[in-house]
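Next comes data_5.cif, with mmCIF, N, CA and C atoms, pLDDT in the B column; chains and numbers go by the auth columns.
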```cif
data_query
loop_
_atom_site.group_PDB
_atom_site.id
_atom_site.type_symbol
_atom_site.label_atom_id
_atom_site.label_comp_id
_atom_site.label_asym_id
_atom_site.label_seq_id
_atom_site.Cartn_x
_atom_site.Cartn_y
_atom_site.Cartn_z
_atom_site.B_iso_or_equiv
_atom_site.auth_seq_id
_atom_site.auth_asym_id
ATOM 1 N N MET A 1 15.519 4.692 8.354 79.00 297 A
ATOM 2 C CA MET A 1 14.868 4.497 7.066 79.00 297 A
ATOM 3 C C MET A 1 13.572 5.296 7.055 79.00 297 A
ATOM 4 N N ALA A 2 13.273 5.874 5.919 93.00 298 A
ATOM 5 C CA ALA A 2 12.040 6.648 5.761 93.00 298 A
ATOM 6 C C ALA A 2 10.831 5.725 5.792 93.00 298 A
ATOM 7 N N GLU A 3 9.712 6.276 6.197 95.00 299 A
ATOM 8 C CA GLU A 3 8.461 5.530 6.237 95.00 299 A
ATOM 9 C C GLU A 3 7.374 6.303 5.514 95.00 299 A
ATOM 10 N N ALA A 4 6.371 5.583 5.072 94.00 300 A
ATOM 11 C CA ALA A 4 5.171 6.188 4.502 94.00 300 A
ATOM 12 C C ALA A 4 3.971 5.534 5.158 94.00 300 A
ATOM 13 N N THR A 5 2.885 6.250 5.237 95.00 301 A
ATOM 14 C CA THR A 5 1.640 5.701 5.752 95.00 301 A
ATOM 15 C C THR A 5 0.674 5.547 4.589 95.00 301 A
ATOM 16 N N LEU A 6 0.223 4.330 4.382 94.00 302 A
ATOM 17 C CA LEU A 6 -0.781 4.065 3.357 94.00 302 A
ATOM 18 C C LEU A 6 -2.128 3.895 4.038 94.00 302 A
ATOM 19 N N ARG A 7 -3.117 4.640 3.581 95.00 303 A
ATOM 20 C CA ARG A 7 -4.481 4.516 4.095 95.00 303 A
ATOM 21 C C ARG A 7 -5.215 3.604 3.116 95.00 303 A
ATOM 22 N N VAL A 8 -5.545 2.401 3.594 94.00 304 A
ATOM 23 C CA VAL A 8 -6.126 1.361 2.745 94.00 304 A
ATOM 24 C C VAL A 8 -7.573 1.115 3.159 94.00 304 A
ATOM 25 N N PHE A 9 -8.481 1.125 2.191 93.00 305 A
ATOM 26 C CA PHE A 9 -9.880 0.793 2.466 93.00 305 A
ATOM 27 C C PHE A 9 -10.003 -0.716 2.525 93.00 305 A
ATOM 28 N N ARG A 10 -10.567 -1.216 3.622 94.00 306 A
ATOM 29 C CA ARG A 10 -10.791 -2.652 3.797 94.00 306 A
ATOM 30 C C ARG A 10 -12.289 -2.877 3.901 94.00 306 A
ATOM 31 N N GLY A 11 -12.851 -3.656 3.027 91.00 307 A
ATOM 32 C CA GLY A 11 -14.276 -3.959 3.068 91.00 307 A
ATOM 33 C C GLY A 11 -14.836 -4.107 1.673 91.00 307 A
ATOM 34 N N ASP A 12 -16.146 -3.884 1.566 88.00 308 A
ATOM 35 C CA ASP A 12 -16.797 -3.936 0.256 88.00 308 A
ATOM 36 C C ASP A 12 -17.611 -2.662 0.066 88.00 308 A
ATOM 37 N N SER A 13 -18.394 -2.601 -0.998 85.00 309 A
ATOM 38 C CA SER A 13 -19.129 -1.375 -1.296 85.00 309 A
ATOM 39 C C SER A 13 -20.219 -1.068 -0.274 85.00 309 A
ATOM 40 N N ASN A 14 -20.613 -2.042 0.524 93.00 310 A
ATOM 41 C CA ASN A 14 -21.654 -1.830 1.526 93.00 310 A
ATOM 42 C C ASN A 14 -21.114 -1.523 2.916 93.00 310 A
ATOM 43 N N ASN A 15 -19.934 -1.995 3.220 94.00 311 A
ATOM 44 C CA ASN A 15 -19.412 -1.850 4.569 94.00 311 A
ATOM 45 C C ASN A 15 -17.894 -1.928 4.533 94.00 311 A
ATOM 46 N N GLY A 16 -17.239 -1.092 5.295 94.00 312 A
ATOM 47 C CA GLY A 16 -15.793 -1.137 5.371 94.00 312 A
ATOM 48 C C GLY A 16 -15.254 0.055 6.123 94.00 312 A
ATOM 49 N N LYS A 17 -13.941 0.103 6.212 94.00 313 A
ATOM 50 C CA LYS A 17 -13.286 1.216 6.882 94.00 313 A
ATOM 51 C C LYS A 17 -11.872 1.347 6.342 94.00 313 A
ATOM 52 N N THR A 18 -11.259 2.488 6.610 94.00 314 A
ATOM 53 C CA THR A 18 -9.874 2.675 6.211 94.00 314 A
ATOM 54 C C THR A 18 -8.969 2.323 7.387 94.00 314 A
ATOM 55 N N ILE A 19 -7.836 1.730 7.052 96.00 315 A
ATOM 56 C CA ILE A 19 -6.827 1.364 8.041 96.00 315 A
ATOM 57 C C ILE A 19 -5.493 1.936 7.571 96.00 315 A
ATOM 58 N N ASP A 20 -4.783 2.562 8.475 97.00 316 A
ATOM 59 C CA ASP A 20 -3.472 3.111 8.152 97.00 316 A
ATOM 60 C C ASP A 20 -2.390 2.067 8.417 97.00 316 A
ATOM 61 N N TYR A 21 -1.497 1.897 7.444 97.00 317 A
ATOM 62 C CA TYR A 21 -0.355 0.991 7.564 97.00 317 A
ATOM 63 C C TYR A 21 0.917 1.793 7.330 97.00 317 A
ATOM 64 N N ARG A 22 1.881 1.652 8.221 97.00 318 A
ATOM 65 C CA ARG A 22 3.181 2.309 8.062 97.00 318 A
ATOM 66 C C ARG A 22 4.146 1.313 7.430 97.00 318 A
ATOM 67 N N VAL A 23 4.768 1.752 6.346 97.00 319 A
ATOM 68 C CA VAL A 23 5.692 0.877 5.623 97.00 319 A
ATOM 69 C C VAL A 23 7.020 1.603 5.399 97.00 319 A
ATOM 70 N N PRO A 24 8.122 0.867 5.391 96.00 320 A
ATOM 71 C CA PRO A 24 9.410 1.483 5.076 96.00 320 A
ATOM 72 C C PRO A 24 9.462 1.833 3.590 96.00 320 A
ATOM 73 N N VAL A 25 10.140 2.925 3.285 94.00 321 A
ATOM 74 C CA VAL A 25 10.270 3.380 1.899 94.00 321 A
ATOM 75 C C VAL A 25 11.722 3.241 1.472 94.00 321 A
ATOM 76 N N ALA A 26 11.932 2.608 0.324 93.00 322 A
ATOM 77 C CA ALA A 26 13.271 2.436 -0.242 93.00 322 A
ATOM 78 C C ALA A 26 13.318 3.133 -1.606 93.00 322 A
ATOM 79 N N PRO A 27 14.493 3.546 -2.058 92.00 323 A
ATOM 80 C CA PRO A 27 14.608 4.178 -3.371 92.00 323 A
ATOM 81 C C PRO A 27 14.024 3.287 -4.471 92.00 323 A
ATOM 82 N N GLY A 28 13.250 3.878 -5.366 88.00 324 A
ATOM 83 C CA GLY A 28 12.662 3.147 -6.478 88.00 324 A
ATOM 84 C C GLY A 28 11.381 2.412 -6.145 88.00 324 A
ATOM 85 N N MET A 29 10.973 2.466 -4.903 90.00 325 A
ATOM 86 C CA MET A 29 9.774 1.753 -4.468 90.00 325 A
ATOM 87 C C MET A 29 8.522 2.415 -5.051 90.00 325 A
ATOM 88 N N VAL A 30 7.538 1.593 -5.437 87.00 326 A
ATOM 89 C CA VAL A 30 6.265 2.097 -5.944 87.00 326 A
ATOM 90 C C VAL A 30 5.143 1.612 -5.016 87.00 326 A
ATOM 91 N N VAL A 31 3.948 2.128 -5.215 88.00 327 A
ATOM 92 C CA VAL A 31 2.825 1.812 -4.339 88.00 327 A
ATOM 93 C C VAL A 31 2.575 0.305 -4.278 88.00 327 A
ATOM 94 N N LEU A 32 2.677 -0.387 -5.396 89.00 328 A
ATOM 95 C CA LEU A 32 2.456 -1.836 -5.401 89.00 328 A
ATOM 96 C C LEU A 32 3.453 -2.539 -4.484 89.00 328 A
ATOM 97 N N ASP A 33 4.702 -2.075 -4.453 91.00 329 A
ATOM 98 C CA ASP A 33 5.693 -2.640 -3.530 91.00 329 A
ATOM 99 C C ASP A 33 5.240 -2.464 -2.082 91.00 329 A
ATOM 100 N N ALA A 34 4.705 -1.309 -1.771 93.00 330 A
ATOM 101 C CA ALA A 34 4.232 -1.046 -0.409 93.00 330 A
ATOM 102 C C ALA A 34 3.048 -1.942 -0.066 93.00 330 A
ATOM 103 N N LEU A 35 2.148 -2.137 -1.006 93.00 331 A
ATOM 104 C CA LEU A 35 1.014 -3.032 -0.765 93.00 331 A
ATOM 105 C C LEU A 35 1.486 -4.465 -0.542 93.00 331 A
ATOM 106 N N HIS A 36 2.488 -4.885 -1.303 93.00 332 A
ATOM 107 C CA HIS A 36 3.044 -6.226 -1.092 93.00 332 A
ATOM 108 C C HIS A 36 3.723 -6.329 0.275 93.00 332 A
ATOM 109 N N TYR A 37 4.341 -5.249 0.728 96.00 333 A
ATOM 110 C CA TYR A 37 4.927 -5.246 2.069 96.00 333 A
ATOM 111 C C TYR A 37 3.823 -5.446 3.113 96.00 333 A
ATOM 112 N N ILE A 38 2.733 -4.712 2.957 97.00 334 A
ATOM 113 C CA ILE A 38 1.607 -4.848 3.889 97.00 334 A
ATOM 114 C C ILE A 38 1.105 -6.291 3.891 97.00 334 A
ATOM 115 N N GLN A 39 0.938 -6.861 2.708 96.00 335 A
ATOM 116 C CA GLN A 39 0.499 -8.262 2.595 96.00 335 A
ATOM 117 C C GLN A 39 1.459 -9.213 3.294 96.00 335 A
ATOM 118 N N GLY A 40 2.721 -9.005 3.112 96.00 336 A
ATOM 119 C CA GLY A 40 3.726 -9.935 3.618 96.00 336 A
ATOM 120 C C GLY A 40 4.011 -9.820 5.106 96.00 336 A
ATOM 121 N N TYR A 41 3.854 -8.605 5.664 97.00 337 A
ATOM 122 C CA TYR A 41 4.288 -8.399 7.044 97.00 337 A
ATOM 123 C C TYR A 41 3.215 -7.886 7.998 97.00 337 A
ATOM 124 N N LEU A 42 2.207 -7.205 7.488 97.00 338 A
ATOM 125 C CA LEU A 42 1.260 -6.549 8.395 97.00 338 A
ATOM 126 C C LEU A 42 -0.163 -7.088 8.318 97.00 338 A
ATOM 127 N N ALA A 43 -0.595 -7.483 7.128 97.00 339 A
ATOM 128 C CA ALA A 43 -1.984 -7.934 6.948 97.00 339 A
ATOM 129 C C ALA A 43 -2.020 -9.012 5.866 97.00 339 A
ATOM 130 N N PRO A 44 -1.686 -10.250 6.231 96.00 340 A
ATOM 131 C CA PRO A 44 -1.618 -11.316 5.230 96.00 340 A
ATOM 132 C C PRO A 44 -2.961 -11.617 4.558 96.00 340 A
ATOM 133 N N ASP A 45 -4.050 -11.132 5.140 95.00 341 A
ATOM 134 C CA ASP A 45 -5.367 -11.355 4.533 95.00 341 A
ATOM 135 C C ASP A 45 -5.744 -10.266 3.523 95.00 341 A
ATOM 136 N N LEU A 46 -4.856 -9.305 3.286 93.00 342 A
ATOM 137 C CA LEU A 46 -5.132 -8.233 2.326 93.00 342 A
ATOM 138 C C LEU A 46 -5.106 -8.785 0.905 93.00 342 A
ATOM 139 N N ALA A 47 -6.170 -8.544 0.163 88.00 343 A
ATOM 140 C CA ALA A 47 -6.239 -8.970 -1.240 88.00 343 A
ATOM 141 C C ALA A 47 -5.859 -7.794 -2.134 88.00 343 A
ATOM 142 N N VAL A 48 -4.951 -8.042 -3.070 86.00 344 A
ATOM 143 C CA VAL A 48 -4.492 -7.012 -4.000 86.00 344 A
ATOM 144 C C VAL A 48 -4.551 -7.586 -5.402 86.00 344 A
ATOM 145 N N ARG A 49 -5.207 -6.867 -6.309 80.00 345 A
ATOM 146 C CA ARG A 49 -5.248 -7.293 -7.709 80.00 345 A
ATOM 147 C C ARG A 49 -4.497 -6.270 -8.547 80.00 345 A
ATOM 148 N N TRP A 50 -3.705 -6.748 -9.503 75.00 346 A
ATOM 149 C CA TRP A 50 -2.995 -5.858 -10.405 75.00 346 A
ATOM 150 C C TRP A 50 -2.717 -6.579 -11.702 75.00 346 A
ATOM 151 N N ASN A 51 -2.458 -5.802 -12.741 71.00 347 A
ATOM 152 C CA ASN A 51 -2.126 -6.362 -14.041 71.00 347 A
ATOM 153 C C ASN A 51 -1.112 -5.442 -14.699 71.00 347 A
ATOM 154 N N CYS A 52 0.138 -5.690 -14.435 67.00 348 A
ATOM 155 C CA CYS A 52 1.200 -4.847 -14.971 67.00 348 A
ATOM 156 C C CYS A 52 1.329 -4.979 -16.482 67.00 348 A
ATOM 157 N N LYS A 53 0.891 -6.096 -17.045 65.00 349 A
ATOM 158 C CA LYS A 53 0.991 -6.295 -18.489 65.00 349 A
ATOM 159 C C LYS A 53 0.010 -5.427 -19.270 65.00 349 A
ATOM 160 N N ALA A 54 -1.052 -4.959 -18.614 61.00 350 A
ATOM 161 C CA ALA A 54 -2.039 -4.141 -19.310 61.00 350 A
ATOM 162 C C ALA A 54 -1.452 -2.806 -19.732 61.00 350 A
ATOM 163 N N GLY A 55 -0.509 -2.289 -18.968 59.00 351 A
ATOM 164 C CA GLY A 55 0.154 -1.041 -19.319 59.00 351 A
ATOM 165 C C GLY A 55 -0.753 0.171 -19.252 59.00 351 A
ATOM 166 N N SER A 56 -1.870 0.045 -18.559 57.00 352 A
ATOM 167 C CA SER A 56 -2.804 1.159 -18.518 57.00 352 A
ATOM 168 C C SER A 56 -2.537 2.107 -17.359 57.00 352 A
ATOM 169 N N VAL A 57 -1.649 1.726 -16.451 57.00 353 A
ATOM 170 C CA VAL A 57 -1.357 2.566 -15.292 57.00 353 A
ATOM 171 C C VAL A 57 0.151 2.738 -15.177 57.00 353 A
ATOM 172 N N ALA A 58 0.576 3.976 -15.053 59.00 354 A
ATOM 173 C CA ALA A 58 2.003 4.246 -14.872 59.00 354 A
ATOM 174 C C ALA A 58 2.392 3.924 -13.435 59.00 354 A
ATOM 175 N N PRO A 59 3.627 3.526 -13.209 59.00 355 A
ATOM 176 C CA PRO A 59 4.058 3.251 -11.833 59.00 355 A
ATOM 177 C C PRO A 59 3.879 4.494 -10.963 59.00 355 A
ATOM 178 N N ALA A 60 3.366 4.312 -9.769 58.00 356 A
ATOM 179 C CA ALA A 60 3.158 5.422 -8.839 58.00 356 A
ATOM 180 C C ALA A 60 4.282 5.418 -7.809 58.00 356 A
ATOM 181 N N PRO A 61 5.183 6.393 -7.888 61.00 357 A
ATOM 182 C CA PRO A 61 6.282 6.404 -6.915 61.00 357 A
ATOM 183 C C PRO A 61 5.762 6.677 -5.513 61.00 357 A
ATOM 184 N N LEU A 62 6.456 6.124 -4.538 59.00 358 A
ATOM 185 C CA LEU A 62 6.088 6.280 -3.138 59.00 358 A
ATOM 186 C C LEU A 62 7.050 7.262 -2.516 59.00 358 A
ATOM 187 N N LYS A 63 6.523 8.317 -1.915 57.00 359 A
ATOM 188 C CA LYS A 63 7.376 9.333 -1.311 57.00 359 A
ATOM 189 C C LYS A 63 7.087 9.431 0.167 57.00 359 A
ATOM 190 N N SER A 64 8.114 9.654 0.936 52.00 360 A
ATOM 191 C CA SER A 64 7.972 9.795 2.374 52.00 360 A
ATOM 192 C C SER A 64 7.442 11.187 2.699 52.00 360 A
ATOM 193 N N THR A 65 6.599 11.262 3.707 53.00 361 A
ATOM 194 C CA THR A 65 6.099 12.558 4.177 53.00 361 A
ATOM 195 C C THR A 65 6.842 12.991 5.427 53.00 361 A
ATOM 196 N N ALA A 66 7.940 12.322 5.743 50.00 362 A
ATOM 197 C CA ALA A 66 8.683 12.619 6.960 50.00 362 A
ATOM 198 C C ALA A 66 9.167 14.070 6.962 50.00 362 A
ATOM 199 N N ALA A 67 9.496 14.613 5.808 45.00 363 A
ATOM 200 C CA ALA A 67 9.995 15.985 5.722 45.00 363 A
ATOM 201 C C ALA A 67 8.890 16.989 6.038 45.00 363 A
ATOM 202 N N ARG A 68 7.645 16.599 5.941 44.00 364 A
ATOM 203 C CA ARG A 68 6.525 17.497 6.196 44.00 364 A
ATOM 204 C C ARG A 68 6.232 17.641 7.683 44.00 364 A
ATOM 205 N N ALA A 69 6.767 16.754 8.490 40.00 365 A
ATOM 206 C CA ALA A 69 6.439 16.774 9.934 40.00 365 A
ATOM 207 C C ALA A 69 7.026 17.971 10.631 40.00 365 A
#
```
Show me this structure written as structure tokens.
Amino acid sequence: MAEATLRVFRGDSNNGKTIDYRVPVAPGMVVLDALHYIQGYLAPDLAVRWNCKAGSVAPAPLKSTAARA
């Protein structure tokens, strides 16, 4: 199965760091799906806010970079 690496900033505006998370990629998967995967399996303390009803952001497809290696 293909994988993607998401670089997620953890912290606040005064202090924090980026952490890389490797997630499996499935057809039709979007970035929010990957963030939910991270929440569910890798970092249960990760806070994610979203509002799909607002319609202000188009779905961001998730693509594997495995072909670039």
field: Residue IDs satisfying the PyMOL selection byres (((chain A and resi 299 and name CA) around 7) and name CA), as a list in words
entry: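 For this structure, the PyMOL selection byres (((chain A and resi 299 and name CA) around 7) and name CA) captures Met297, Ala298, Ala300, Thr301, Arg318, Val319, Pro320, Val321 and Ser360 of chain A.
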task: May I have the residues at most 8 Å from (-4.6, 3.8, 4.6) in the file's coordinates, counting only N, CA and C atoms, as a ChimeraX atom specification?
output: /A:301-306,313-318
query: What is the atom CA of Val326 of chain A-atom N of Asp308 of chain A distance in Å, reported with one decimal?
result: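 So the two atoms, atom CA of Val326 of chain A and atom N of Asp308 of chain A, lie 24.4 Å apart.
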Interatomic distance (Å, one decimal) between atom CA of Asp329 of chain A and atom CA of Asn310 of chain A: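 Separation of atom CA of Asp329 of chain A and atom CA of Asn310 of chain A: 27.8 Å.
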What box, with edges along x, y and z, holds each listed atom of segment 327-343 of chain A when 6 Å is added on every side, and can you state its centre and edge lengths in Å to one decimal, as lines of an AutoDock Vina configuration file?
```
center_x = -0.3
center_y = -4.7
center_z = 1.5
size_x = 23.9
size_y = 25.7
size_z = 25.8
```
message: One number please: atom CA of Leu342 of chain A to atom CA of Gly324 of chain A, in Å, one decimal.
response: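 Computing the Euclidean distance for atom CA of Leu342 of chain A and atom CA of Gly324 of chain A yields 22.9 Å.
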